[in-house]
There are 2 protein chains.
Amino acid sequence: MTVVLRSDDMRRRNRLRIIQIVRRKGAVSRGEIAQSTALSAATVSTISSDLIAEGILVARGSETGASTGRGRPSVNLSINPRFRHAVLIILKIGAVNVTIIDFAGTVIAHQDFHLDMANLTMDAFRQALVSEIRQTWDASGLDNDQLARIWVGVQGTTDIAGKNVLRSPMTPLTNIPIGRWLSEEFRAPVRIANDCDLIAKALNWRDPRLYSCNFAAILLAHGVGMGLFLRGQIINGTKSSGTEFGHMLFESDGALCRCGSKGCIEAYAGDYAIVRRFRGQPGDMKPASHVVPGEIARIANAAREGDELARETFASAGRALGSGLAGIFALVDPFRVVFVGHGAIAFDLMEPALREILENSNAFAARDIPIDLYVDEMPLVLEGCGIGALSEIDESQADKVSEMARS
Amino acid sequence: MTVVLRSDDMRRRNRLRIIQIVRRKGAVSRGEIAQSTALSAATVSTISSDLIAEGILVARGSETGASTGRGRPSVNLSINPRFRHAVLIILKIGAVNVTIIDFAGTVIAHQDFHLDMANLTMDAFRQALVSEIRQTWDASGLDNDQLARIWVGVQGTTDIAGKNVLRSPMTPLTNIPIGRWLSEEFRAPVRIANDCDLIAKALNWRDPRLYSCNFAAILLAHGVGMGLFLRGQIINGTKSSGTEFGHMLFESDGALCRCGSKGCIEAYAGDYAIVRRFRGQPGDMKPASHVVPGEIARIANAAREGDELARETFASAGRALGSGLAGIFALVDPFRVVFVGHGAIAFDLMEPALREILENSNAFAARDIPIDLYVDEMPLVLEGCGIGALSEIDESQADKVSEMARS
DNA sequence: CGATTTTTTTTGAGGCTTGAAATAAAGGGC
DNA sequence: GCCCTTTATTTCAAGCCTCAAAAAAAATCG
């Protein structure tokens, strides 16, 4: 329901809007901000000089570039890269990636660690994680109070607050309180997000025109996940993050899935499912925990060279994915879909079967949905993590308006 | 993205909030409004005296009821019933219901018309509809300028703007511009909404504690429809309203649905599907266009008395519904579900099969979702239509702030 | 009938946005 | 090199809006 507005809410919102515009456009003059926000030049001037005084923005008059002709040249405002920093952590099976970015999003430091979480106690995991982050941060030479936010991207589900990892394929541990560990250790707010949600967030940031209101990012990797935007909001349930698209039912009593159920989409379209089928292994065989990198590409090549079993393997993956999408498209009008991850290299082999399922579904508008491909998911996960962390800092800074007014 | 705020947006929002609170609570004092909005008493006083002067609210000091003790008695504010009126139209197969409500939601006039739309031309439909509304309005004796809003509830899909009926089972006509017909004729804004969406809206209005963030209302009637709230918003696609839950696939190559496809949920749980199966007719038999009222209740009684075929008929309906829900619960965490319509009288017969499907699904939190039943859907459809129309009038009146300020 | 209590209105202050005027900082022309 | 023109930004005064405090209103109680 509508929320009541106080006087300073106005300033808060307008500050945030200006920060967001500068963040998106990189460098932009006060006049352009006034135009694109429909705020008056006077207001933009007041707010932006506050933001500069607070160190959030910087004015870079010298780099205005080619003079545009007569008149006082406009001064571009940019995000002050040194205002704050964020730590981004990507947890994968067997590895921890730690990245430090400045307030403009530039990578300041990056380290990859191997960490086999399959046999780790809760406490050993905590110690390893903390020491790896500490090591990367110390190497960057930044002051501790520069660390404004920590965002963690994981495969698996988290609680709605983004403080705990509920379940993840990287470890048998459950309810891992990573949020508490890191916020106590590093004295900064922490948020944990699902990797597919971060991919969707990154796409939304990269190209809001294509990826804004309704779209889905489907990650085709060892498992199958989805990041879903509906009405401009990430849909991820009330209790856990990350939609369980890969575990929608495709065929009752069908192939065995990692989750223990039978017939999930993932059991046809995940890496292990494709390998299992291509090798002629039975559908109820226990899913392999790991697939050799490049294996999917090799099977795809075999299919392209005419191998019938390989062709049928990908066709069946396409049918599983198409059937899941058709189910969603019965609820929400069809929308743009992005396939991300190394499974996307074989999308040409899955597409005919997928499109056929959609065409025969009742969602008649589904036949021509646009589908995009991104084979490498890691840049997207990292980017989504970064923009998430920076946006949160933006919001916290916009809220500081009342404190500033007092001083 | 965040939207910029101007000075008068604040007043607009606070006006709307106060109107909404009075509408919900019926009669409420200025002091209580101040408390529940966190606005100051001064602001509430200013705004509410504006609203009274504009005729939107009325102060009814006399009816304060039992004196609460010492001190100046509080004066309750209420919606002024005579401020404006709304016309609500429910289109059903073979019938048009016209209802006129005042600004407090009280029914002023109501007429039911028989209208067989199966064989009507576009123009004949227009003329019949207009004349029936005109007749009801004229009988009410209200001035024409009292008609502030027309809301139409239909089975079928509408465009996103709610101006046209795209497809509906009540007529073979498509793209029916009812919005334009009525707004031209009655000089009032018109909105057309799907009946299931209206049911969900009504439930949300009746009990926001149970039905607010995520829930679904499933209409079990001749067909099967769904009104879906996610994150507090009605989800209904970008192009059409009403989710097509009934046309999610339950069994590939299964029973024949009204829509022409095979295996839809509706082809197992709709009236015609239950009758077809109970009579031992083949699943590919063309769906009956009409089922005698009370027939479902009779079959349900047969099942309760031990008829095996009847029991299996409802069990299969339960499985179809459960399978559709399981698909949704793989995307969004499980939520409260309401079954509405005469099909709900047999819910006890469907529930075991439905729950079993959910328990065996991967959405492990789905096993205990609360399920409510409302056998009679018409009061909900009408109520949703009414609250929709009145809320729109509220919003338009809150926006009048700038005009008032000028005078 | 006056004191007390509770609700509502009035008043003055402070914050926010805005249009207009003023100022700043270029390029162009002579 | 100097003044005019042009464009960007800042300053200023005015108008709204909300709020806290004071005043007024309207009961009950003794």
# chains A, B, ... in the order shown; residues from 1 in each chain; ligands from 1
>>> closest_atom_pairs(of="chain C", to="chain B", cutoff="10 Å", atoms="only C-alpha atoms (C1' of nucleotides)", output="tab-separated table")
residue	atom	partner	partner_atom	distance
C:DT4	C1'	B:Gly71	CA	8.2
C:DT5	C1'	B:Gly71	CA	4.4
C:DT6	C1'	B:Gly71	CA	3.9
C:DT7	C1'	B:Arg72	CA	5.3
C:DT8	C1'	B:Ser45	CA	7.2
C:DT9	C1'	B:Ser45	CA	7.3
C:DT10	C1'	B:Ala42	CA	9.0
C:DC16	C1'	B:Ser7	CA	7.0
C:DT17	C1'	B:Ser7	CA	6.1
C:DT18	C1'	B:Ser7	CA	9.5
>>> write_last_selection(atoms="C-alpha atoms (C1' of nucleotides)", output="PDB file, in the first residue's frame")
ATOM      1  C1'  DT C   4      -9.523  18.623  33.859  1.00  0.00           C
ATOM      2  C1'  DT C   5      -8.868  15.895  29.899  1.00  0.00           C
ATOM      3  C1'  DT C   6      -8.615  14.721  25.173  1.00  0.00           C
ATOM      4  C1'  DT C   7      -8.980  16.041  20.297  1.00  0.00           C
ATOM      5  C1'  DT C   8      -8.370  19.198  16.711  1.00  0.00           C
ATOM      6  C1'  DT C   9      -6.801  23.504  14.740  1.00  0.00           C
ATOM      7  C1'  DT C  10      -3.640  27.296  14.361  1.00  0.00           C
ATOM      8  C1'  DC C  16      12.772  21.078  -0.219  1.00  0.00           C
ATOM      9  C1'  DT C  17      12.055  22.370  -5.043  1.00  0.00           C
ATOM     10  C1'  DT C  18      11.637  26.001  -8.406  1.00  0.00           C
TER      11       DT C  18
END
>>> closest_atom_pairs(of="chain B", to="chain A", cutoff="6 Å", atoms="only C-alpha atoms", output="JSON lines")
{"residue": "B:Thr2", "atom": "CA", "partner": "A:Arg17", "partner_atom": "CA", "distance": 6.0}
{"residue": "B:Val4", "atom": "CA", "partner": "A:Asn14", "partner_atom": "CA", "distance": 5.4}
{"residue": "B:Leu5", "atom": "CA", "partner": "A:Met10", "partner_atom": "CA", "distance": 5.6}
{"residue": "B:Met10", "atom": "CA", "partner": "A:Leu5", "partner_atom": "CA", "distance": 5.6}
{"residue": "B:Asn14", "atom": "CA", "partner": "A:Val4", "partner_atom": "CA", "distance": 5.4}
{"residue": "B:Arg17", "atom": "CA", "partner": "A:Thr2", "partner_atom": "CA", "distance": 6.0}
{"residue": "B:Asn236", "atom": "CA", "partner": "A:Val332", "partner_atom": "CA", "distance": 5.8}
{"residue": "B:Gly237", "atom": "CA", "partner": "A:Val332", "partner_atom": "CA", "distance": 4.3}
{"residue": "B:Thr238", "atom": "CA", "partner": "A:Asp333", "partner_atom": "CA", "distance": 5.9}
{"residue": "B:Thr243", "atom": "CA", "partner": "A:Leu331", "partner_atom": "CA", "distance": 4.5}
{"residue": "B:Glu244", "atom": "CA", "partner": "A:Ala330", "partner_atom": "CA", "distance": 4.9}
{"residue": "B:Phe245", "atom": "CA", "partner": "A:Leu331", "partner_atom": "CA", "distance": 5.8}
{"residue": "B:Met248", "atom": "CA", "partner": "A:Gly327", "partner_atom": "CA", "distance": 5.6}
{"residue": "B:Gly327", "atom": "CA", "partner": "A:Met248", "partner_atom": "CA", "distance": 5.6}
{"residue": "B:Ala330", "atom": "CA", "partner": "A:Glu244", "partner_atom": "CA", "distance": 4.9}
{"residue": "B:Leu331", "atom": "CA", "partner": "A:Thr243", "partner_atom": "CA", "distance": 4.4}
{"residue": "B:Val332", "atom": "CA", "partner": "A:Gly237", "partner_atom": "CA", "distance": 4.3}
{"residue": "B:Asp333", "atom": "CA", "partner": "A:Gly237", "partner_atom": "CA", "distance": 4.4}
>>> interface_residues(of="chain D", to="chain A", cutoff="7 Å", atoms="only C-alpha atoms (C1' of nucleotides)", output="NGL selection string")
:D and (6-8 or 17-18)
>>> residues_around(residues="region 20-23 of chain C", least_positions_apart="2", cutoff="10 Å", atoms="only C-alpha atoms (C1' of nucleotides)", output="list in words")
DT18 and DA25 of chain C; DT9, DT10, DT11, DC12 and DA13 of chain D
>>> write_last_selection(atoms="all heavy atoms", output="compact mmCIF listing (two decimals), in the first residue's frame")
# COMPACT_ATOMS: atom_id res chain seq x y z
P DT C 18 12.03 20.74 -8.87
OP1 DT C 18 11.17 20.01 -9.81
OP2 DT C 18 13.49 20.59 -8.93
O5' DT C 18 11.68 22.29 -8.98
C5' DT C 18 10.39 22.75 -8.59
C4' DT C 18 10.23 24.21 -8.94
O4' DT C 18 10.78 25.02 -7.87
C3' DT C 18 10.95 24.63 -10.22
O3' DT C 18 10.10 25.40 -11.04
C2' DT C 18 12.14 25.43 -9.72
C1' DT C 18 11.64 26.00 -8.41
N1 DT C 18 12.72 26.23 -7.42
C2 DT C 18 12.74 27.41 -6.71
O2 DT C 18 11.91 28.29 -6.84
N3 DT C 18 13.78 27.52 -5.82
C4 DT C 18 14.77 26.59 -5.59
O4 DT C 18 15.65 26.81 -4.77
C5 DT C 18 14.68 25.38 -6.36
C7 DT C 18 15.72 24.32 -6.18
C6 DT C 18 13.68 25.25 -7.23
P DA C 25 34.91 30.39 -13.16
OP1 DA C 25 35.38 29.22 -12.41
OP2 DA C 25 35.60 31.68 -13.02
O5' DA C 25 34.87 30.04 -14.70
C5' DA C 25 34.14 28.89 -15.12
C4' DA C 25 34.10 28.85 -16.63
O4' DA C 25 33.12 29.79 -17.12
C3' DA C 25 35.45 29.24 -17.30
O3' DA C 25 35.75 28.30 -18.30
C2' DA C 25 35.17 30.61 -17.87
C1' DA C 25 33.68 30.49 -18.20
N9 DA C 25 32.95 31.75 -18.35
C8 DA C 25 33.12 32.90 -17.65
N7 DA C 25 32.31 33.88 -18.02
C5 DA C 25 31.56 33.32 -19.04
C6 DA C 25 30.53 33.82 -19.85
N6 DA C 25 30.06 35.06 -19.75
N1 DA C 25 30.00 32.99 -20.76
C2 DA C 25 30.47 31.74 -20.86
N3 DA C 25 31.45 31.16 -20.15
C4 DA C 25 31.95 32.00 -19.25
P DT D 9 26.99 22.36 -16.08
OP1 DT D 9 28.06 21.41 -15.72
OP2 DT D 9 25.64 21.87 -16.38
O5' DT D 9 26.90 23.42 -14.91
C5' DT D 9 28.07 24.13 -14.53
C4' DT D 9 27.75 25.15 -13.46
O4' DT D 9 26.92 26.19 -14.01
C3' DT D 9 27.01 24.61 -12.24
O3' DT D 9 27.85 24.85 -11.12
C2' DT D 9 25.71 25.41 -12.20
C1' DT D 9 26.06 26.66 -13.00
N1 DT D 9 24.96 27.37 -13.69
C2 DT D 9 24.73 28.69 -13.39
O2 DT D 9 25.39 29.31 -12.57
N3 DT D 9 23.71 29.27 -14.09
C4 DT D 9 22.89 28.67 -15.04
O4 DT D 9 22.02 29.32 -15.59
C5 DT D 9 23.18 27.29 -15.30
C7 DT D 9 22.35 26.55 -16.31
C6 DT D 9 24.18 26.70 -14.63
P DT D 10 27.38 24.49 -9.65
OP1 DT D 10 28.59 24.09 -8.91
OP2 DT D 10 26.21 23.60 -9.71
O5' DT D 10 26.93 25.91 -9.10
C5' DT D 10 27.84 27.01 -9.18
C4' DT D 10 27.19 28.25 -8.61
O4' DT D 10 26.13 28.70 -9.49
C3' DT D 10 26.56 28.09 -7.24
O3' DT D 10 27.00 29.17 -6.45
C2' DT D 10 25.06 28.11 -7.51
C1' DT D 10 24.99 29.03 -8.73
N1 DT D 10 23.82 28.84 -9.64
C2 DT D 10 23.07 29.93 -9.97
O2 DT D 10 23.27 31.05 -9.54
N3 DT D 10 22.03 29.66 -10.84
C4 DT D 10 21.70 28.44 -11.41
O4 DT D 10 20.76 28.35 -12.18
C5 DT D 10 22.54 27.35 -11.01
C7 DT D 10 22.25 25.99 -11.56
C6 DT D 10 23.55 27.58 -10.15
P DT D 11 26.59 29.28 -4.91
OP1 DT D 11 27.78 29.72 -4.17
OP2 DT D 11 25.87 28.05 -4.52
O5' DT D 11 25.54 30.49 -4.93
C5' DT D 11 25.86 31.67 -5.66
C4' DT D 11 24.69 32.65 -5.58
O4' DT D 11 23.67 32.28 -6.54
C3' DT D 11 23.99 32.73 -4.23
O3' DT D 11 23.74 34.11 -3.95
C2' DT D 11 22.71 31.94 -4.44
C1' DT D 11 22.41 32.23 -5.91
N1 DT D 11 21.62 31.20 -6.63
C2 DT D 11 20.59 31.62 -7.45
O2 DT D 11 20.27 32.78 -7.58
N3 DT D 11 19.95 30.58 -8.12
C4 DT D 11 20.22 29.24 -8.05
O4 DT D 11 19.57 28.43 -8.70
C5 DT D 11 21.31 28.88 -7.18
C7 DT D 11 21.68 27.44 -7.03
C6 DT D 11 21.95 29.86 -6.51
P DC D 12 23.14 34.55 -2.54
OP1 DC D 12 23.82 35.82 -2.20
OP2 DC D 12 23.17 33.40 -1.61
O5' DC D 12 21.62 34.89 -2.89
C5' DC D 12 21.32 35.55 -4.11
C4' DC D 12 19.82 35.79 -4.22
O4' DC D 12 19.22 34.72 -5.00
C3' DC D 12 19.07 35.80 -2.88
O3' DC D 12 18.10 36.83 -2.91
C2' DC D 12 18.42 34.42 -2.82
C1' DC D 12 18.15 34.15 -4.29
N1 DC D 12 18.09 32.71 -4.67
C2 DC D 12 17.18 32.29 -5.66
O2 DC D 12 16.44 33.13 -6.18
N3 DC D 12 17.14 30.99 -6.01
C4 DC D 12 17.97 30.11 -5.42
N4 DC D 12 17.90 28.84 -5.80
C5 DC D 12 18.89 30.51 -4.41
C6 DC D 12 18.92 31.81 -4.07
P DA D 13 17.39 37.31 -1.55
OP1 DA D 13 17.72 38.74 -1.41
OP2 DA D 13 17.68 36.35 -0.46
O5' DA D 13 15.85 37.18 -1.93
C5' DA D 13 15.42 37.56 -3.25
C4' DA D 13 14.08 36.93 -3.53
O4' DA D 13 14.25 35.54 -3.87
C3' DA D 13 13.11 36.96 -2.34
O3' DA D 13 11.80 37.23 -2.83
C2' DA D 13 13.23 35.56 -1.75
C1' DA D 13 13.46 34.73 -3.01
N9 DA D 13 14.18 33.48 -2.81
C8 DA D 13 15.17 33.21 -1.92
N7 DA D 13 15.63 31.98 -1.98
C5 DA D 13 14.89 31.40 -3.00
C6 DA D 13 14.90 30.12 -3.56
N6 DA D 13 15.71 29.14 -3.16
N1 DA D 13 14.02 29.87 -4.57
C2 DA D 13 13.21 30.85 -4.96
N3 DA D 13 13.11 32.11 -4.52
C4 DA D 13 14.00 32.31 -3.52
>>> residues_around(residues="Thr106 (chain A)", least_positions_apart="5", cutoff="9 Å", atoms="only C-alpha atoms (C1' of nucleotides)", output="list in words")
Pro81, Ile100 and Ile101 of chain A
>>> write_last_selection(atoms="N, CA and C atoms", output="JSON list (two decimals), in the first residue's frame")
[["chain", "number", "residue", "atom", "x", "y", "z"],
["A", 81, "PRO", "N", 35.92, 7.23, -7.47],
["A", 81, "PRO", "CA", 36.29, 5.81, -7.32],
["A", 81, "PRO", "C", 36.80, 5.48, -5.93],
["A", 100, "ILE", "N", 38.21, -7.24, -5.27],
["A", 100, "ILE", "CA", 37.96, -5.95, -4.62],
["A", 100, "ILE", "C", 37.73, -4.91, -5.71],
["A", 101, "ILE", "N", 36.64, -4.19, -5.60],
["A", 101, "ILE", "CA", 36.38, -3.14, -6.60],
["A", 101, "ILE", "C", 36.27, -1.80, -5.89]]
>>> select_by_dssp(residues="region 187-225 of chain B", states="alpha helix (DSSP H)", output="PyMOL selection string")
chain B and resi 195-206
>>> write_last_selection(atoms="N, CA, C and O atoms", output="PDB file, in the first residue's frame")
ATOM      1  N   ASP B 195     -11.718 -12.157 -14.485  1.00  0.00           N
ATOM      2  CA  ASP B 195     -12.455 -12.514 -13.266  1.00  0.00           C
ATOM      3  C   ASP B 195     -11.559 -13.095 -12.179  1.00  0.00           C
ATOM      4  O   ASP B 195     -11.739 -12.801 -10.994  1.00  0.00           O
ATOM      5  N   CYS B 196     -10.561 -13.896 -12.580  1.00  0.00           N
ATOM      6  CA  CYS B 196      -9.692 -14.483 -11.559  1.00  0.00           C
ATOM      7  C   CYS B 196      -8.833 -13.413 -10.884  1.00  0.00           C
ATOM      8  O   CYS B 196      -8.582 -13.470  -9.678  1.00  0.00           O
ATOM      9  N   ASP B 197      -8.399 -12.452 -11.674  1.00  0.00           N
ATOM     10  CA  ASP B 197      -7.652 -11.344 -11.078  1.00  0.00           C
ATOM     11  C   ASP B 197      -8.525 -10.580 -10.087  1.00  0.00           C
ATOM     12  O   ASP B 197      -8.062 -10.138  -9.030  1.00  0.00           O
ATOM     13  N   LEU B 198      -9.796 -10.434 -10.420  1.00  0.00           N
ATOM     14  CA  LEU B 198     -10.697  -9.722  -9.522  1.00  0.00           C
ATOM     15  C   LEU B 198     -10.926 -10.499  -8.236  1.00  0.00           C
ATOM     16  O   LEU B 198     -11.016  -9.915  -7.147  1.00  0.00           O
ATOM     17  N   ILE B 199     -11.014 -11.812  -8.358  1.00  0.00           N
ATOM     18  CA  ILE B 199     -11.164 -12.643  -7.154  1.00  0.00           C
ATOM     19  C   ILE B 199      -9.953 -12.458  -6.245  1.00  0.00           C
ATOM     20  O   ILE B 199     -10.086 -12.262  -5.036  1.00  0.00           O
ATOM     21  N   ALA B 200      -8.771 -12.480  -6.848  1.00  0.00           N
ATOM     22  CA  ALA B 200      -7.558 -12.297  -6.043  1.00  0.00           C
ATOM     23  C   ALA B 200      -7.560 -10.908  -5.401  1.00  0.00           C
ATOM     24  O   ALA B 200      -7.214 -10.754  -4.231  1.00  0.00           O
ATOM     25  N   LYS B 201      -7.984  -9.926  -6.161  1.00  0.00           N
ATOM     26  CA  LYS B 201      -8.040  -8.561  -5.644  1.00  0.00           C
ATOM     27  C   LYS B 201      -9.011  -8.480  -4.464  1.00  0.00           C
ATOM     28  O   LYS B 201      -8.738  -7.818  -3.457  1.00  0.00           O
ATOM     29  N   ALA B 202     -10.127  -9.156  -4.586  1.00  0.00           N
ATOM     30  CA  ALA B 202     -11.123  -9.128  -3.513  1.00  0.00           C
ATOM     31  C   ALA B 202     -10.583  -9.804  -2.257  1.00  0.00           C
ATOM     32  O   ALA B 202     -10.759  -9.301  -1.141  1.00  0.00           O
ATOM     33  N   LEU B 203      -9.915 -10.929  -2.420  1.00  0.00           N
ATOM     34  CA  LEU B 203      -9.356 -11.612  -1.255  1.00  0.00           C
ATOM     35  C   LEU B 203      -8.312 -10.728  -0.581  1.00  0.00           C
ATOM     36  O   LEU B 203      -8.263 -10.613   0.642  1.00  0.00           O
ATOM     37  N   ASN B 204      -7.496 -10.093  -1.405  1.00  0.00           N
ATOM     38  CA  ASN B 204      -6.486  -9.187  -0.882  1.00  0.00           C
ATOM     39  C   ASN B 204      -7.125  -8.048  -0.090  1.00  0.00           C
ATOM     40  O   ASN B 204      -6.632  -7.622   0.944  1.00  0.00           O
ATOM     41  N   TRP B 205      -8.258  -7.584  -0.562  1.00  0.00           N
ATOM     42  CA  TRP B 205      -8.964  -6.509   0.128  1.00  0.00           C
ATOM     43  C   TRP B 205      -9.610  -7.020   1.419  1.00  0.00           C
ATOM     44  O   TRP B 205      -9.512  -6.387   2.467  1.00  0.00           O
ATOM     45  N   ARG B 206     -10.230  -8.197   1.327  1.00  0.00           N
ATOM     46  CA  ARG B 206     -10.928  -8.713   2.501  1.00  0.00           C
ATOM     47  C   ARG B 206      -9.994  -9.021   3.645  1.00  0.00           C
ATOM     48  O   ARG B 206     -10.314  -8.777   4.798  1.00  0.00           O
TER      49      ARG B 206
END
>>> atom_distance(atom1="CA of Cys385 (chain B)", atom2="CA of Ala161 (chain B)")
15.6 Å
>>> atom_distance(atom1="CA of Arg336 (chain B)", atom2="CA of Ala216 (chain B)")
6.7 Å
